[in-house]
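Undergrad: Below is one structure. I have some questions about it.
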Amino acid sequence: MAKEVAWHSLSWKEAIEKLKSDSNNGLNEKEVKERREKFGRNLLPEEKSLSKVRIFLEQFKSPLIYILVIAGIVVLFFKEFTDAIVIFGAVFLNTIVGFFQENKATDALRKLKKIVKISAQVVRQGNTKIVDSQELVPGDIFILSPGDKVPADGRIIESNNLKINEMALTGEWLPAEKKTDALPKKRSLADRDNMVYMGTVVEDGKAKVIVTATGFKTEIGKIAQMVKEAREEKTPLQKKLARFAKIIGLIVVGICLIIFIEGIVTGNTFLEMFTIAVAVAVAAIPEGLPVAMTVILAIGMQRILKKKGLVRKLASAETLGSTSVIATDKTATLTEGKMKVTEVITETKTGRSLALKIATLCNEAFIENPEETMEKWIIQGRPTDKALLLAGVEAGINKKELEKRMIKTTELPFSPINKYLARAFTSDKNEDILYVSGAPEKLLEMSKYFRKSRKEELLSSKKRDELKDTLEELTGKGLRVVAVAYKKIDNLKDLFDNLVFVGMIGLKDPIRKEVKGAIKICRQAGMRPIIATGDHKLTAKAVALELGFKVKERNIMEGRELDKLSDKQFGERVKDIQIYARVEPKHKMRIIQAWQEKGEVIAMTGDGINDAPALKKADIGVALGSGTEVAKEVSDLVLLTDNFNIIVAAVEEGRAIIDNIRKVITYLLSDSFTEIVLIGVGLFFGHLPITAVQILWVNLIEDGLPNVALAFEPKEKDLMKQKPQGHNVPLLNREMKTLIFIIGILTDFFLLALFFYLLKYSNYEISHIRTVIFAALAVDSLLYVFSCKSLRRNLWHINPFSNRFLVYAWGFGLAALLLAIYLPPFQTLLKTVPLGLTDWMIVLGLGFLELILIEATKYYFIVRHETNI
């Protein structure tokens, strides 16, 4: 058979002929077997969940971890077991923290994608039988009834009032009314009303269908393939860390090579210089950074979870803070996903009551538990009928009591041809009356009069035009409109002529209450919200205008228009488009790709099967808790309560994560830079001011807990006033580099001056001098950690003790320093000696002097930033 046949453009007879089937008898068993061998079973592949072992191993996929492991192997080679234990301990701690956090998130979503396993009623060899939907093949004839899940893609042969809910596939929440007529070839997926698609649900009616596609060839199958092939983008943090680790690696290798060559040239042995080069490498690598970053991300995940957002991967938590574009579906994301009456247009108040009375009686919805309170009601029926019934209840109309007084005598059900539902009643006053509810344009054709006050007046051409204008105005607002009319029955002749037009009722899918405020905050935070929906563009535009979007026709694009544009042409227009209507999965992928190529970090929200490929492709995929399992499985963030405000809260937490990561990097790299210069300059003059083990003690014990404690820093108030930071914004900004450089140079100047002074003018042993330098380096770290609490405010503008974990960590660091200097076992390990009062006065004096100079540098940048605003 031909590939990619536009089945909707063929008549049903042509489709049967092309598929070599029979509309009455179906296929025979031999044909079914041959086709199954050719096309395979009607199945979609299941993706296996990550095992605990895989999750554990994933924690090692970090450039910084690679550097630590290499350093550990090198020191192990030289039998420096203490150094090796400390380095591998840092790797293990990072791995364990990351594993427990990601495994917890994975367990929360352990329920994986469910393959639709359903039965199908098929016609084979002239007999009707029930088979497993997996057994269906192209050319099979199957029957659909209310409540059925469609087992495969197919072309409708016969249809009797068939209505199918295709929301999971197309994003359109109103049921599609199906027919058998051939359609234009270029019809979008959501408008192919003569086709049915696998996984969608029959709401009403019956149909006979011929299978056109199974398995991977179905529309859901194509989406599954797109999900499989979609390249999962690295998060901005992962990209920045890779660049950051590469720079650190190159610098470390370069410095070590220079020192090694310098030592060999000046007459030192190969082994001695290699050992010293390793010491420099140990000094350069911020061993505590991977642990601290993992803890920061884990804490961010927990904070977001408290606000009902489940982050599935650690690195994704940070990405939220970098988000610059949010591409959101309309239905059930911006809106509630249910109908509600918003306008009743009649001539008078009594006319309004009559309109709702007619809408209530011409209604197939019902309340299962009317004895319960209204909040607990379970209402069954079509979305429109349920909304009209509720509107009647809110107007004081009791359907059950009304039906006792108005006895139904006959009914004409709604059909796509008639486009109205009519019911005849006999009232308790023994009057016969016909109530009609349906399409406004149809009822206007059938009406001769209109209801004004309590009288019926002739429906003039002028009044008819006025009503048509009102209808156009309502539909322009994105409303679904139902008209109501009546007629007193004198005889059965010309029953549906000369109706009395009562009015029109406008219904809409209401905006979620919190969304307008959330989108306003998004814009204030420098993010750009865009709408990508399967709905009609007028509906999408009406929602956008209600949410405060300033849109014109040039800001709206339909899927079919996007199809005509090349990637280059689309890239030139993408920044102008705020609304995408009638979009399919392939369109969403192009939208995301276009923004990513411009260096933006894009988040995509969605809940349907049709959203899955885009959710995976996006930098951050946001799935609704009420959405499909497929959407949740490929997403990075799940909104557990479908509350759009969670996205804003998650973005704020993401920005706090970036903020705290920068604080930790500034803190740790200042130490690393200090230690590199300290050792490098010392070696240049033939001395080692501090040992490798002492450096590791400072990096992991003195800095270890304070840098992790910075992860618990509260959010700063101005986070949502900052601009989002995309892929191209480096992890190390200019202010951080300057601070790191100044902290390092100042510290090295004081420490080297002290080292060489003591070396030349004191009678201290080298172990005593190294102990003083060790203590001074540790005290500097313990003091300027408070400067790192905020990189945008001075120490006197913040509460230094607001983070109790930092206070505890500071106390632990001080205690650990004293133990390292005065406890014999640690003295043996670290080659330290006890210090006197004079030594401590020098150490503390240098520490506070450096703190003052650091705050002065921060003050300069703060004033400069405020001047530029």
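Residues are named by chain letter and number: chains run A, B, ... in the order of the structure tokens, numbers start at 1 in each chain, and ligands are numbered from 1 in the order shown.
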I'd like the neighbourhood of region 759-775 of chain A as a ChimeraX atom specification, where a residue qualifies if any of its atoms comes within 10 Å (using only C-alpha atoms), though same-chain residues fewer than 3 positions away should be ignored.
TA: /A:678,687-691,694-695,697-698,750-756,778-781,814,817-818,820-821,827,830-836,839-840,842-844
Undergrad: Quick one: write out the picked residues with N, CA and C atoms as a short mmCIF file (atom, residue, chain, number, x, y, z; two decimals), in the first residue's frame?
TA:
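Result went into result_38.cif, see below:
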data_model
loop_
_atom_site.label_atom_id
_atom_site.label_comp_id
_atom_site.auth_asym_id
_atom_site.auth_seq_id
_atom_site.Cartn_x
_atom_site.Cartn_y
_atom_site.Cartn_z
N LEU A 678 49.52 30.20 46.26
CA LEU A 678 50.34 29.99 47.46
C LEU A 678 51.41 28.93 47.21
N HIS A 687 60.16 26.62 48.29
CA HIS A 687 59.54 26.17 49.55
C HIS A 687 58.07 25.78 49.30
N LEU A 688 57.55 24.87 50.15
CA LEU A 688 56.14 24.47 50.10
C LEU A 688 55.47 25.01 51.36
N PRO A 689 54.68 26.10 51.26
CA PRO A 689 54.12 26.76 52.45
C PRO A 689 53.09 25.92 53.21
N ILE A 690 52.46 24.97 52.54
CA ILE A 690 51.41 24.15 53.15
C ILE A 690 51.40 22.79 52.47
N THR A 691 51.11 21.73 53.21
CA THR A 691 51.16 20.38 52.63
C THR A 691 49.86 20.04 51.91
N GLN A 694 47.08 19.12 54.38
CA GLN A 694 46.52 20.31 55.02
C GLN A 694 45.56 21.04 54.08
N ILE A 695 45.91 21.07 52.78
CA ILE A 695 45.02 21.68 51.79
C ILE A 695 43.69 20.92 51.73
N TRP A 697 42.39 19.16 54.07
CA TRP A 697 41.67 19.40 55.33
C TRP A 697 40.89 20.72 55.22
N VAL A 698 41.55 21.75 54.71
CA VAL A 698 40.87 23.05 54.56
C VAL A 698 39.71 22.92 53.57
N PHE A 750 49.12 38.30 51.95
CA PHE A 750 49.32 38.26 53.39
C PHE A 750 49.98 36.96 53.84
N LEU A 751 49.51 35.82 53.29
CA LEU A 751 50.03 34.52 53.71
C LEU A 751 51.49 34.33 53.29
N LEU A 752 51.80 34.71 52.04
CA LEU A 752 53.19 34.55 51.57
C LEU A 752 54.14 35.49 52.33
N ALA A 753 53.65 36.72 52.58
CA ALA A 753 54.46 37.66 53.35
C ALA A 753 54.74 37.10 54.74
N LEU A 754 53.67 36.54 55.35
CA LEU A 754 53.83 35.95 56.68
C LEU A 754 54.76 34.73 56.64
N PHE A 755 54.59 33.89 55.63
CA PHE A 755 55.40 32.67 55.52
C PHE A 755 56.90 33.01 55.40
N PHE A 756 57.23 33.90 54.48
CA PHE A 756 58.65 34.21 54.26
C PHE A 756 59.22 35.04 55.43
N ALA A 778 42.60 28.64 56.99
CA ALA A 778 41.32 28.13 57.51
C ALA A 778 40.48 29.25 58.10
N VAL A 779 41.11 30.14 58.87
CA VAL A 779 40.37 31.25 59.49
C VAL A 779 39.83 32.19 58.41
N ASP A 780 40.62 32.47 57.39
CA ASP A 780 40.13 33.30 56.27
C ASP A 780 38.86 32.70 55.67
N SER A 781 38.87 31.38 55.45
CA SER A 781 37.70 30.69 54.89
C SER A 781 36.49 30.80 55.80
N LEU A 814 35.47 25.73 63.21
CA LEU A 814 36.40 26.27 64.21
C LEU A 814 36.88 25.16 65.14
N LEU A 817 39.35 22.93 63.38
CA LEU A 817 40.67 23.57 63.26
C LEU A 817 41.47 23.43 64.55
N LEU A 818 40.80 23.65 65.67
CA LEU A 818 41.48 23.53 66.97
C LEU A 818 41.93 22.09 67.21
N ALA A 820 42.63 19.91 64.88
CA ALA A 820 43.72 19.63 63.94
C ALA A 820 45.07 20.14 64.45
N ILE A 821 45.01 21.20 65.25
CA ILE A 821 46.25 21.82 65.74
C ILE A 821 46.68 21.29 67.11
N GLN A 827 47.54 15.90 64.82
CA GLN A 827 48.85 16.51 64.61
C GLN A 827 49.75 15.57 63.79
N LEU A 830 48.31 15.52 60.09
CA LEU A 830 48.44 16.77 59.34
C LEU A 830 49.82 17.44 59.50
N LYS A 831 50.65 16.84 60.35
CA LYS A 831 52.00 17.41 60.61
C LYS A 831 51.88 18.85 61.12
N THR A 832 51.01 19.04 62.13
CA THR A 832 50.82 20.34 62.76
C THR A 832 51.44 20.37 64.15
N VAL A 833 51.62 21.58 64.69
CA VAL A 833 52.13 21.76 66.06
C VAL A 833 51.23 22.78 66.75
N PRO A 834 51.19 22.80 68.10
CA PRO A 834 50.36 23.77 68.82
C PRO A 834 50.82 25.20 68.56
N LEU A 835 49.85 26.13 68.46
CA LEU A 835 50.16 27.55 68.25
C LEU A 835 49.97 28.33 69.54
N GLY A 836 50.76 29.43 69.67
CA GLY A 836 50.66 30.28 70.85
C GLY A 836 49.72 31.45 70.61
N ASP A 839 50.66 33.82 67.77
CA ASP A 839 50.32 33.23 66.46
C ASP A 839 48.85 33.48 66.14
N TRP A 840 47.98 33.29 67.10
CA TRP A 840 46.55 33.44 66.88
C TRP A 840 46.16 34.90 66.63
N ILE A 842 48.01 37.12 65.16
CA ILE A 842 48.40 37.39 63.76
C ILE A 842 47.38 36.78 62.80
N VAL A 843 47.02 35.53 63.06
CA VAL A 843 46.07 34.81 62.19
C VAL A 843 44.72 35.53 62.13
N LEU A 844 44.17 35.91 63.30
CA LEU A 844 42.87 36.57 63.35
C LEU A 844 42.92 37.97 62.76
#
Undergrad: Please identify the helix (DSSP H, G or I) residues within region 404-621 of chain A (assignment by DSSP from backbone atoms) and present them as a PDB file with C-alpha atoms, in the first residue's frame.
TA:
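Contents of the output file states14.pdb:
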ATOM      1  CA  LYS A 404     -42.962  16.880  37.298  1.00  0.00           C
ATOM      2  CA  ARG A 405     -44.832  19.885  35.928  1.00  0.00           C
ATOM      3  CA  PRO A 440     -28.077  29.769  16.666  1.00  0.00           C
ATOM      4  CA  GLU A 441     -27.882  30.134  12.886  1.00  0.00           C
ATOM      5  CA  LYS A 442     -30.225  27.134  12.473  1.00  0.00           C
ATOM      6  CA  LEU A 443     -32.761  28.369  15.022  1.00  0.00           C
ATOM      7  CA  LEU A 444     -32.759  31.853  13.498  1.00  0.00           C
ATOM      8  CA  GLU A 445     -33.718  30.258  10.155  1.00  0.00           C
ATOM      9  CA  MET A 446     -36.582  28.377  11.819  1.00  0.00           C
ATOM     10  CA  SER A 461     -34.870  41.555   8.977  1.00  0.00           C
ATOM     11  CA  LYS A 462     -33.277  44.316  11.075  1.00  0.00           C
ATOM     12  CA  LYS A 463     -33.712  42.340  14.301  1.00  0.00           C
ATOM     13  CA  ARG A 464     -32.430  39.213  12.611  1.00  0.00           C
ATOM     14  CA  ASP A 465     -29.268  41.087  11.524  1.00  0.00           C
ATOM     15  CA  GLU A 466     -28.843  42.428  15.068  1.00  0.00           C
ATOM     16  CA  LEU A 467     -28.985  38.910  16.467  1.00  0.00           C
ATOM     17  CA  LYS A 468     -26.471  37.699  13.867  1.00  0.00           C
ATOM     18  CA  ASP A 469     -24.115  40.537  14.872  1.00  0.00           C
ATOM     19  CA  THR A 470     -24.492  39.504  18.520  1.00  0.00           C
ATOM     20  CA  LEU A 471     -23.704  35.924  17.561  1.00  0.00           C
ATOM     21  CA  GLU A 472     -20.582  37.023  15.679  1.00  0.00           C
ATOM     22  CA  GLU A 473     -19.496  39.093  18.687  1.00  0.00           C
ATOM     23  CA  LEU A 474     -19.918  36.124  21.035  1.00  0.00           C
ATOM     24  CA  THR A 475     -18.008  33.720  18.787  1.00  0.00           C
ATOM     25  CA  GLY A 476     -15.304  36.384  18.378  1.00  0.00           C
ATOM     26  CA  VAL A 515      -3.183  32.189  35.844  1.00  0.00           C
ATOM     27  CA  LYS A 516      -3.504  35.901  35.055  1.00  0.00           C
ATOM     28  CA  GLY A 517      -1.431  36.896  38.108  1.00  0.00           C
ATOM     29  CA  ALA A 518       1.113  34.147  37.426  1.00  0.00           C
ATOM     30  CA  ILE A 519       1.647  35.287  33.831  1.00  0.00           C
ATOM     31  CA  LYS A 520       2.058  38.885  35.024  1.00  0.00           C
ATOM     32  CA  ILE A 521       4.796  37.762  37.433  1.00  0.00           C
ATOM     33  CA  CYS A 522       6.437  35.765  34.615  1.00  0.00           C
ATOM     34  CA  ARG A 523       6.654  38.912  32.505  1.00  0.00           C
ATOM     35  CA  GLN A 524       8.002  40.944  35.433  1.00  0.00           C
ATOM     36  CA  LYS A 537      -7.204  30.632  16.701  1.00  0.00           C
ATOM     37  CA  LEU A 538     -10.233  32.747  17.720  1.00  0.00           C
ATOM     38  CA  THR A 539     -10.647  30.702  20.891  1.00  0.00           C
ATOM     39  CA  ALA A 540      -6.928  30.927  21.665  1.00  0.00           C
ATOM     40  CA  LYS A 541      -6.911  34.678  20.938  1.00  0.00           C
ATOM     41  CA  ALA A 542      -9.874  35.265  23.262  1.00  0.00           C
ATOM     42  CA  VAL A 543      -8.096  33.449  26.089  1.00  0.00           C
ATOM     43  CA  ALA A 544      -4.868  35.344  25.409  1.00  0.00           C
ATOM     44  CA  LEU A 545      -6.621  38.732  25.476  1.00  0.00           C
ATOM     45  CA  GLU A 546      -8.306  37.834  28.756  1.00  0.00           C
ATOM     46  CA  GLU A 553      -3.205  39.042  13.685  1.00  0.00           C
ATOM     47  CA  ARG A 554       0.537  39.109  12.916  1.00  0.00           C
ATOM     48  CA  ASN A 555       1.203  37.623  16.390  1.00  0.00           C
ATOM     49  CA  GLY A 559      -0.069  25.025  12.150  1.00  0.00           C
ATOM     50  CA  ARG A 560      -0.783  24.936   8.425  1.00  0.00           C
ATOM     51  CA  GLU A 561       0.951  28.318   8.012  1.00  0.00           C
ATOM     52  CA  LEU A 562       3.976  27.027   9.925  1.00  0.00           C
ATOM     53  CA  ASP A 563       4.147  24.048   7.547  1.00  0.00           C
ATOM     54  CA  ASP A 567      13.302  26.723   9.402  1.00  0.00           C
ATOM     55  CA  LYS A 568      15.120  29.914   8.404  1.00  0.00           C
ATOM     56  CA  GLN A 569      11.881  31.768   7.598  1.00  0.00           C
ATOM     57  CA  PHE A 570      10.289  30.600  10.822  1.00  0.00           C
ATOM     58  CA  GLY A 571      13.378  31.610  12.822  1.00  0.00           C
ATOM     59  CA  GLU A 572      12.996  35.160  11.494  1.00  0.00           C
ATOM     60  CA  ARG A 573       9.371  35.338  12.697  1.00  0.00           C
ATOM     61  CA  VAL A 574       9.419  33.299  15.908  1.00  0.00           C
ATOM     62  CA  LYS A 575       9.948  36.292  18.228  1.00  0.00           C
ATOM     63  CA  ASP A 576       6.778  37.968  16.908  1.00  0.00           C
ATOM     64  CA  PRO A 585       3.211  17.536  17.788  1.00  0.00           C
ATOM     65  CA  LYS A 586       5.578  18.263  14.889  1.00  0.00           C
ATOM     66  CA  HIS A 587       4.774  21.985  15.134  1.00  0.00           C
ATOM     67  CA  LYS A 588       5.539  22.106  18.850  1.00  0.00           C
ATOM     68  CA  MET A 589       8.917  20.498  18.191  1.00  0.00           C
ATOM     69  CA  ARG A 590       9.751  23.211  15.619  1.00  0.00           C
ATOM     70  CA  ILE A 591       8.666  25.987  17.994  1.00  0.00           C
ATOM     71  CA  ILE A 592      10.959  24.682  20.734  1.00  0.00           C
ATOM     72  CA  GLN A 593      13.851  24.127  18.321  1.00  0.00           C
ATOM     73  CA  ALA A 594      13.549  27.689  16.966  1.00  0.00           C
ATOM     74  CA  TRP A 595      13.745  29.230  20.444  1.00  0.00           C
ATOM     75  CA  GLN A 596      16.634  26.971  21.495  1.00  0.00           C
ATOM     76  CA  GLU A 597      18.590  28.008  18.404  1.00  0.00           C
ATOM     77  CA  ILE A 609      -0.150  12.425  24.705  1.00  0.00           C
ATOM     78  CA  ASN A 610       0.294  15.004  21.956  1.00  0.00           C
ATOM     79  CA  ASP A 611       2.533  17.070  24.254  1.00  0.00           C
ATOM     80  CA  ALA A 612       5.007  14.268  25.055  1.00  0.00           C
ATOM     81  CA  PRO A 613       7.635  14.830  22.291  1.00  0.00           C
ATOM     82  CA  ALA A 614       7.768  18.563  22.997  1.00  0.00           C
ATOM     83  CA  LEU A 615       7.984  17.994  26.761  1.00  0.00           C
ATOM     84  CA  LYS A 616      11.031  15.821  26.206  1.00  0.00           C
ATOM     85  CA  LYS A 617      12.636  18.168  23.682  1.00  0.00           C
TER      86      LYS A 617
END
Undergrad: Which residue gives the smallest distance to Ile259 (chain A) among A:Gly686, A:Arg864, A:Gln302, A:Thr294, with only C-alpha atoms counted?
TA: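 Answer, going by the shortest atom-to-atom distance: A:Gly686.
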Undergrad: Please list as a list in words every residue within 7 Å of Asp497 (chain A), counting only C-alpha atoms and excluding residues in the same chain fewer than 2 positions away.
TA: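 After dropping sequence-adjacent residues, the list is Met446, Ser447, Asp494, Leu495 and Leu499 of chain A.
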Undergrad: Find the spatial neighbours of region 118-129 of chain A, counting only C-alpha atoms, within a cut-off of 12 Å - ignore same-chain residues fewer than 4 positions away - and output them as a VMD selection string.
TA: chain A and resid 21 to 32 42 to 43 114 133 to 137 139 to 145 147 to 152 198 to 201 207 to 211
Undergrad: Just the residues within 9 Å of Leu851 (chain A), please, counting only C-alpha atoms, with nothing from its chain fewer than 5 positions along; format it as a PyMOL selection string.
TA: chain A and resi 743+780+783-784+787+846+856
Undergrad: What parts of region 440-671 of chain A does DSSP call strand (DSSP E)? I'd like the answer as a PyMOL selection string.
TA: chain A and resi 447-452+455-458+480-488+499-508+528-532+556-558+579-581+602-606+620-624+637-639
Undergrad: Which neighbours of Pro184 (chain A) fall inside 6 Å, counting only C-alpha atoms, when residues of the same chain fewer than 2 positions from it are skipped, and could you give them as a list in words?
TA: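 Counting only the stated atoms, we get Ser9, Lys186 and Arg187 of chain A.
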Undergrad: Just to be explicit: take each residue in the selection above, keep N, CA, C and O atoms, and write the result as a PDB file, in the first residue's frame.
TA:
ATOM      1  N   SER A   9      -8.914  12.298   2.663  1.00  0.00           N
ATOM      2  CA  SER A   9      -9.261  12.933   1.389  1.00  0.00           C
ATOM      3  C   SER A   9      -9.914  11.948   0.420  1.00  0.00           C
ATOM      4  O   SER A   9     -10.382  12.331  -0.650  1.00  0.00           O
ATOM      5  N   LYS A 186      -5.503  18.958   2.701  1.00  0.00           N
ATOM      6  CA  LYS A 186      -4.672  19.740   3.602  1.00  0.00           C
ATOM      7  C   LYS A 186      -5.305  19.981   4.977  1.00  0.00           C
ATOM      8  O   LYS A 186      -4.815  20.805   5.744  1.00  0.00           O
ATOM      9  N   ARG A 187      -6.365  19.261   5.304  1.00  0.00           N
ATOM     10  CA  ARG A 187      -7.010  19.416   6.607  1.00  0.00           C
ATOM     11  C   ARG A 187      -6.040  19.032   7.732  1.00  0.00           C
ATOM     12  O   ARG A 187      -5.345  18.026   7.643  1.00  0.00           O
TER      13      ARG A 187
END
Undergrad: Do you know which residues are at most 9 Å from region 656-658 of chain A counting only C-alpha atoms, after dropping those on the same chain fewer than 2 positions away, and could you put them as a PyMOL selection string?
TA: chain A and resi 237+293+296-297+299-300+317-319+321-322+651-654+660-663+711+713-716+719+731
Undergrad: Which residues of region 623-655 of chain A come within 9 Å of region 326-337 of chain A, and for each one, what is the closest pair of atoms and their distance in Å to one decimal, counting only C-alpha atoms, sorted by chain and residue number, as CSV?
TA:
residue,atom,partner,partner_atom,distance
A:Leu624,CA,A:Thr333,CA,7.4
A:Ser626,CA,A:Ala332,CA,8.8
A:Gly627,CA,A:Ala332,CA,8.8
A:Asp642,CA,A:Thr333,CA,7.1
A:Asn643,CA,A:Thr333,CA,8.1
A:Phe644,CA,A:Thr333,CA,7.0
Undergrad: Restricting it to N, CA and C atoms, dump the selection as a PDB file, in the first residue's frame.
TA:
ATOM      1  N   LEU A 624       1.082  18.469  33.733  1.00  0.00           N
ATOM      2  CA  LEU A 624       0.038  18.638  34.740  1.00  0.00           C
ATOM      3  C   LEU A 624      -0.207  17.318  35.456  1.00  0.00           C
ATOM      4  N   SER A 626      -2.923  16.111  36.435  1.00  0.00           N
ATOM      5  CA  SER A 626      -4.118  15.439  35.919  1.00  0.00           C
ATOM      6  C   SER A 626      -3.905  14.934  34.496  1.00  0.00           C
ATOM      7  N   GLY A 627      -2.700  15.141  33.964  1.00  0.00           N
ATOM      8  CA  GLY A 627      -2.421  14.773  32.578  1.00  0.00           C
ATOM      9  C   GLY A 627      -2.175  13.291  32.398  1.00  0.00           C
ATOM     10  N   ASP A 642      -2.106  20.927  39.335  1.00  0.00           N
ATOM     11  CA  ASP A 642      -2.509  21.639  38.114  1.00  0.00           C
ATOM     12  C   ASP A 642      -2.577  23.149  38.326  1.00  0.00           C
ATOM     13  N   ASN A 643      -1.855  23.666  39.311  1.00  0.00           N
ATOM     14  CA  ASN A 643      -1.897  25.090  39.626  1.00  0.00           C
ATOM     15  C   ASN A 643      -0.770  25.806  38.895  1.00  0.00           C
ATOM     16  N   PHE A 644      -1.130  26.728  38.022  1.00  0.00           N
ATOM     17  CA  PHE A 644      -0.119  27.432  37.216  1.00  0.00           C
ATOM     18  C   PHE A 644       0.860  28.213  38.097  1.00  0.00           C
TER      19      PHE A 644
END
Undergrad: Taking only C-alpha atoms into account, name the residue in A:Glu456, A:Glu431, A:Glu558, A:Asp535 that is nearest to Val500 (chain A).
TA: A:Glu456
Undergrad: Which residue is closest to Ile407 (chain A)? Choose from A:Ala395, A:Arg792, A:Asp385, A:Ile433 and count only C-alpha atoms.
TA: A:Ile433
Undergrad: Which residue is closest to Ile261 (chain A)? Choose from A:Phe749, A:Val502, A:Asp428, A:Phe684 and count only C-alpha atoms.
TA: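 Among the listed residues, the smallest separation from Ile261 (chain A) belongs to A:Phe684.
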